[in-house]
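Working notes, structure below.
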Amino acid sequence: MLSQNIAKELNNIAGKENITTSREDLICYSYDATNQKFLPDAVVFPKSAEEISLILKLANREAFPVIPRGAGSGFSGGSLPVEGGVVVSLERMNKILKIDTDNLIAIVEPGVVTGDFQEEAENMGLFYPPDPSSLKFCTIGGNIAECAGGPRAVKYGVTKDYVLGLEVVLPTGEIINTGVQTAKGVVGYDLTKLIVGSEGTLGIVTKAVLKLLPLPEATKTMFAVFSDMRDAANTVSKIISSKIIPSTLEFMDKESIGCVAGYLPPDLSGSIEAALLIEVDGDKDLIEKEALLIRGICMENSATDVRIAGNRQEAKALWQARRAISPSMAKLKPNKINEDIVVPRSKIPDAIMGTRDIARKYNIIIANFGHAGDGNIHVNVMIDKSNSNEFERGKKAVEDIFRLVLSLGGTISGEHGIGTAKMPYIGMELSPAAIDVMRRIKQVLDPKGVLNPGKIFPRHRLV
Amino acid sequence: MKTLKQFTDEINKCVLCGTCRGVCPTFDVARREPASARGKVALCDALLKKEINISEGFIKHMTECVQCMACYESCPNDVNVPDIILAARTEIVKENGLPFIKSLTLRNFLDSERLMPAVMKFASNLQGLFFKGVPEESGLHRRFPLPLIDERRLMPPLADRFFLEGRKLTEAKGGNGEAEKRGKNLSPIRPFTDSPIRVGFFAGCLINYMLPNIGEASLKLIEKAGASVIVPPDQHCCGMPALGMGDVETAKSLALKNLEAFEQYELDYITTACATCGDGLRRRFKELLGDEYPERVNAFCSKVRDITELLVRELRVGSGEWRKGHTSLGSKLSAPGSVITYHDPCHLNRGQGIKDAPRELIEISGARFKEMSHPCRCCGLGGSFNITDYDFSMEIARSKAEDIKNTGADIVATACPGCMIQIKDGLHQIGVKAKVLHVVELLV
């Protein structure tokens, strides 16, 4: 519970109508896409960096947690108020401030919905590539906090590759600008990259300068199905090694496909054990050629059916299927432990076959899908939490998966972040010395630990 | 109807992913989680777990839903949020009763055979006293404060002569005699013709009281298409406004009365030109009466077709053979060269799965068609939501009006009188003078 005084000061900062402590509202800001709930003490809807600065200064004086929140669509618990406190919702700061067609940059507020921004840029012949599956509702601020990726990362990279500069409110309330509004810049340490992917623990982004590309002339979407998972995995490695970089190279296994079968062409032939969603973009004539090459590689690797979408509508349906996989996994089991491991691309067959063995070992459903083209696989350990035995087996399977991934030279999270979900495992990948450096950075920027506490590092070890 | 508790499994299907935030029109305006479908599911979950009561806040958030079904359509786990919210509203009514104004309207007004037409008639005669005309838009602004009527609201005038009004006076044959035997003056509008296809027309309140032209146009088109049509005179409000407010009892009683009104005639189809009425007649009636009268209600519901669907799919208007006999169908309303755009009513598109039939009718009319961006986005009327939350409702209407404006269309066609009234108001408020018509009006 916040004291009357703090509530009053928050009222003064943001205006009475922009703070709420009603139980109904608190419930609506207690969760994110991890499907966990922690009640905050208040929710504030600020309109400016200055207001956020005052809130953080107050938090330092009165020692209460502040949790930044975009759309609440994260998969690692980044916006959960695990220790209560004040949720700072950036929903009102949702303006696209500028799209500069001469310099190929845009300046946006954090609450802008990623897909809306992309649409706006595309209307001007420009292109903002990062495309998390939640792009129709997630926000740029959240994407920056978690360094979101997406299917197009295989060709275009992830959010950090498009952030040139930021306006950030530090945990202690100072407002700073990082980076540049130019194509390059090396003045001082790269604080922009430090903030991107810091999961809302080092600052609250209030403005972002984003890099744009010219919109590719055309895209071609393909769907290939395989009767053996190994063939699909090999196809991914073969496409990459043949020096074609598709703009999307997505893998889905039998379990994943089953969840979204309704979206797919009904007449696909063969028994489907795995499928690839492949897209190429660029010059119209060139992509025709690339599409044929890719189809050839698929056939050589025993694809049972390859469909090339004939029009936008067909392509859209395939994409809908892909984007619906993650949330619709609930059709398999009520709960999922949702991992987003990455391995070197040549190791994809090993990673996928390895998780199959782990599934067998623990007698558990593991559904794999994701951005195979860049080695990033969403491994979903499907469980029923009310079945404690299955839950335990699931947790053991996750540890095995991480061990496998690290042994293949990979990383335990590609684009979701650590948050609360992967906190216990961070030590498997990072050395104590590396973790210590990160802790010290946090300590310098947030000495009182008010900003988004209880994330990334287990709290009790934070000095 | 299922109770909120019976929706527990449905609520548990929601994984709180947030997909609905991208399509929810109330969230789009409010930009706050409780206005989104996900927020409402979380609140219903909390209510069932007794973490909250039916508080003022809970009621407010449950009211803030236009029942457009966009969340349900986009949900990767097929969570039927609109029905969860309806069940919550029913729960609210059970606990708190209907608020005074609403209960007066619903229970004593919609449900009364005599009172509603009489009050509406009275209002029709006196409306000049309360409202001033706005000539270009053929609408009315209120002259001085009236309860429930916002001063900025553009109201369509009540019709001088209601659509159902004259029907009772017309001598007719063709019923099975039941009505006459009961000694009531219940005759259908006109005798059945020789056509083997018999259609019963359901008017609905908005067509009856405000937009009777749509009813007349529908009847003409049905006959032109070679079927015989009657208007069963003792039909009532479809009951959807009541259901929308959580008043299941009133909705049920109206559904039963309508069932009886149409059962008296041997009909192949029951049709309506109101998307919301149609969605109610074919889907909700089953939920309301299915337990008690499964066979009767199934027989009724299976005959229901939207007017556009009836014309295009059943009566084959526009097909090759049909075109041979009908060279010109273009309306006087659409000047040559005028551009038409179309708004998909939620209860037609998502409620009944009908998107193509109205567009085919527009094509037949010969007009130049231009699709607006987001044609399926709700206009924001949401039944009583427009009355309880007028500003909110108009914010949603404004996006729709902007989308229409961007097409440069001279005419907005749609297939729901509710949407028409809302879109007219929305266009008026941003100063766009496009005409708003029902698709059937393009063809007579």
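Chain labels A, B, ... are given in the sequence in which chains occur in the structure tokens; within each chain residues are numbered consecutively from 1, and ligands are likewise numbered from 1 in the order shown.
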Next item on the list: Show me which bits of chain B are within 10 Å of chain A, counting only C-alpha atoms, as a PyMOL selection string.
Entry: chain B and resi 12-23+30-36+38-43+46-47+51-53+55-58+61+74-78
Take the selection from the previous step and output its residues with C-alpha atoms, as a compact mmCIF listing (two decimals), in the first residue's frame.
# COMPACT_ATOMS: atom_id res chain seq x y z
CA ASN B 12 -9.12 -20.05 -18.29
CA LYS B 13 -8.44 -20.47 -22.00
CA CYS B 14 -7.19 -16.87 -22.04
CA VAL B 15 -3.39 -16.82 -21.67
CA LEU B 16 -3.28 -13.00 -21.36
CA CYS B 17 -1.18 -12.66 -24.53
CA GLY B 18 -2.69 -9.29 -25.41
CA THR B 19 -3.57 -10.00 -29.06
CA CYS B 20 -7.01 -8.42 -28.50
CA ARG B 21 -5.38 -5.08 -27.65
CA GLY B 22 -4.58 -4.73 -31.33
CA VAL B 23 -8.22 -4.96 -32.46
CA ALA B 30 -9.18 4.58 -23.95
CA ARG B 31 -5.58 3.29 -24.20
CA ARG B 32 -6.04 1.64 -20.83
CA GLU B 33 -5.98 -2.06 -20.11
CA PRO B 34 -9.41 -2.36 -18.43
CA ALA B 35 -10.96 -1.16 -21.68
CA SER B 36 -9.41 -4.07 -23.55
CA ARG B 38 -7.95 -9.02 -21.99
CA GLY B 39 -8.56 -6.65 -19.07
CA LYS B 40 -12.22 -7.60 -18.93
CA VAL B 41 -11.41 -11.30 -18.91
CA ALA B 42 -8.98 -10.70 -16.04
CA LEU B 43 -11.72 -8.81 -14.16
CA ALA B 46 -11.14 -11.96 -10.39
CA LEU B 47 -14.88 -11.74 -9.77
CA GLU B 51 -11.04 -11.10 -5.40
CA ILE B 52 -13.43 -8.28 -6.29
CA ASN B 53 -17.16 -7.65 -6.01
CA SER B 55 -18.31 -2.78 -7.81
CA GLU B 56 -18.92 0.47 -9.62
CA GLY B 57 -15.60 0.00 -11.37
CA PHE B 58 -16.49 -3.50 -12.47
CA HIS B 61 -15.58 -1.71 -17.33
CA SER B 74 -8.46 -12.44 -33.54
CA CYS B 75 -7.99 -14.61 -30.43
CA PRO B 76 -5.49 -17.42 -31.01
CA ASN B 77 -7.25 -19.47 -28.34
CA ASP B 78 -10.80 -18.66 -29.51
Write out as a short mmCIF file (atom, residue, chain, number, x, y, z; two decimals) with N, CA and C atoms, in the first residue's frame each polymer residue whose atoms come within 9 Å of Ile354 of chain B, counting only C-alpha atoms; drop sequence neighbours fewer than 6 positions from it.
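Result file follows (selection.cif):
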data_model
loop_
_atom_site.label_atom_id
_atom_site.label_comp_id
_atom_site.auth_asym_id
_atom_site.auth_seq_id
_atom_site.Cartn_x
_atom_site.Cartn_y
_atom_site.Cartn_z
N ASP B 306 -29.89 -12.75 -43.62
CA ASP B 306 -29.79 -11.31 -43.79
C ASP B 306 -30.35 -10.96 -45.16
N THR B 308 -29.24 -9.13 -47.52
CA THR B 308 -28.26 -9.20 -48.62
C THR B 308 -28.00 -10.65 -49.00
N GLU B 309 -27.93 -11.49 -48.01
CA GLU B 309 -27.68 -12.91 -48.22
C GLU B 309 -28.88 -13.56 -48.93
N ASP B 344 -18.53 -2.76 -43.01
CA ASP B 344 -19.01 -4.08 -42.57
C ASP B 344 -19.58 -3.98 -41.16
N HIS B 347 -22.12 -7.23 -36.59
CA HIS B 347 -23.03 -8.36 -36.40
C HIS B 347 -23.40 -9.05 -37.72
N LEU B 348 -22.98 -8.46 -38.82
CA LEU B 348 -23.17 -9.14 -40.10
C LEU B 348 -21.89 -9.89 -40.46
#
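Using only C-alpha atoms, the residues found no farther than 7 Å from Ala224 of chain A, other than those of its own chain fewer than 5 positions away, are A:Ala275, A:Leu276, A:Leu277, A:Ala303, A:Asp305, A:Val306, A:Arg307.
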Just write the chosen residues, N, CA and C atoms, as an mmCIF file, in the first residue's frame.
data_model
loop_
_atom_site.group_PDB
_atom_site.id
_atom_site.type_symbol
_atom_site.label_atom_id
_atom_site.label_comp_id
_atom_site.auth_asym_id
_atom_site.auth_seq_id
_atom_site.Cartn_x
_atom_site.Cartn_y
_atom_site.Cartn_z
ATOM 1 N N ALA A 275 7.393 -28.114 -40.874
ATOM 2 C CA ALA A 275 7.163 -27.212 -41.997
ATOM 3 C C ALA A 275 8.093 -26.014 -41.884
ATOM 4 N N LEU A 276 8.335 -25.379 -43.016
ATOM 5 C CA LEU A 276 9.121 -24.144 -43.038
ATOM 6 C C LEU A 276 8.292 -23.054 -43.699
ATOM 7 N N LEU A 277 8.289 -21.878 -43.079
ATOM 8 C CA LEU A 277 7.701 -20.697 -43.711
ATOM 9 C C LEU A 277 8.880 -19.848 -44.176
ATOM 10 N N ALA A 303 11.271 -32.400 -49.246
ATOM 11 C CA ALA A 303 10.002 -31.754 -48.894
ATOM 12 C C ALA A 303 8.888 -32.492 -49.626
ATOM 13 N N ASP A 305 5.812 -31.162 -50.037
ATOM 14 C CA ASP A 305 4.956 -30.194 -50.703
ATOM 15 C C ASP A 305 5.578 -28.812 -50.502
ATOM 16 N N VAL A 306 5.631 -28.011 -51.547
ATOM 17 C CA VAL A 306 6.084 -26.626 -51.411
ATOM 18 C C VAL A 306 5.063 -25.727 -52.079
ATOM 19 N N ARG A 307 4.517 -24.793 -51.314
ATOM 20 C CA ARG A 307 3.527 -23.865 -51.875
ATOM 21 C C ARG A 307 4.103 -22.455 -51.903
#
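Excluding Glu199 of chain A itself and any same-chain residue fewer than 4 positions from it, the protein and nucleic acid residues within 10 Å of it, counting only C-alpha atoms, are Pro68, Ser76, Gly77, Gly78, Ser79, Gly142, Asn143, Ile144, Ala145, Glu146, Cys147, Ile195, Gly203, Ile204, His416, Gly417, Ile418, Gly419, Asn452, Lys455 and Ile456 of chain A.
Using only C-alpha atoms, the protein and nucleic acid residues lying no more than 12 Å from Phe117 of chain A, apart from those fewer than 6 places from it along its own chain, are Asn94, Lys95, Ile96, Leu97, Lys98, Ile99, Ala106, Ile107, Val108, Glu109, Pro110, Gly111, Asn123, Met124, Leu126, Phe127, Tyr128, Pro129, Pro130, Asp131, Leu135, Lys136, Phe137, Cys138, Thr139, Ile140, Leu210 and Leu212 of chain A.
Closest to Ile396 of chain B among B:Ser384, B:Ile197, B:Cys379, B:Leu442 is B:Cys379, based on only C-alpha atoms.
Distance-wise, atom CA of Tyr293 of chain B and atom CA of Glu10 of chain B end up 25.9 Å apart.
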Next item on the list: Please report, as a PyMOL selection string, each residue of segment 331-417 of chain A to which DSSP assigns helix (DSSP H, G or I) when run on this structure's backbone.
Entry: chain A and resi 331+345-362+372-374+388-407
Margin query: Report as a count of residues only all protein, DNA and RNA residues lying within 12 Å of Lys16 of chain A, evaluated on only C-alpha atoms, omitting residues in the same chain fewer than 6 positions from it.
Written below: 8
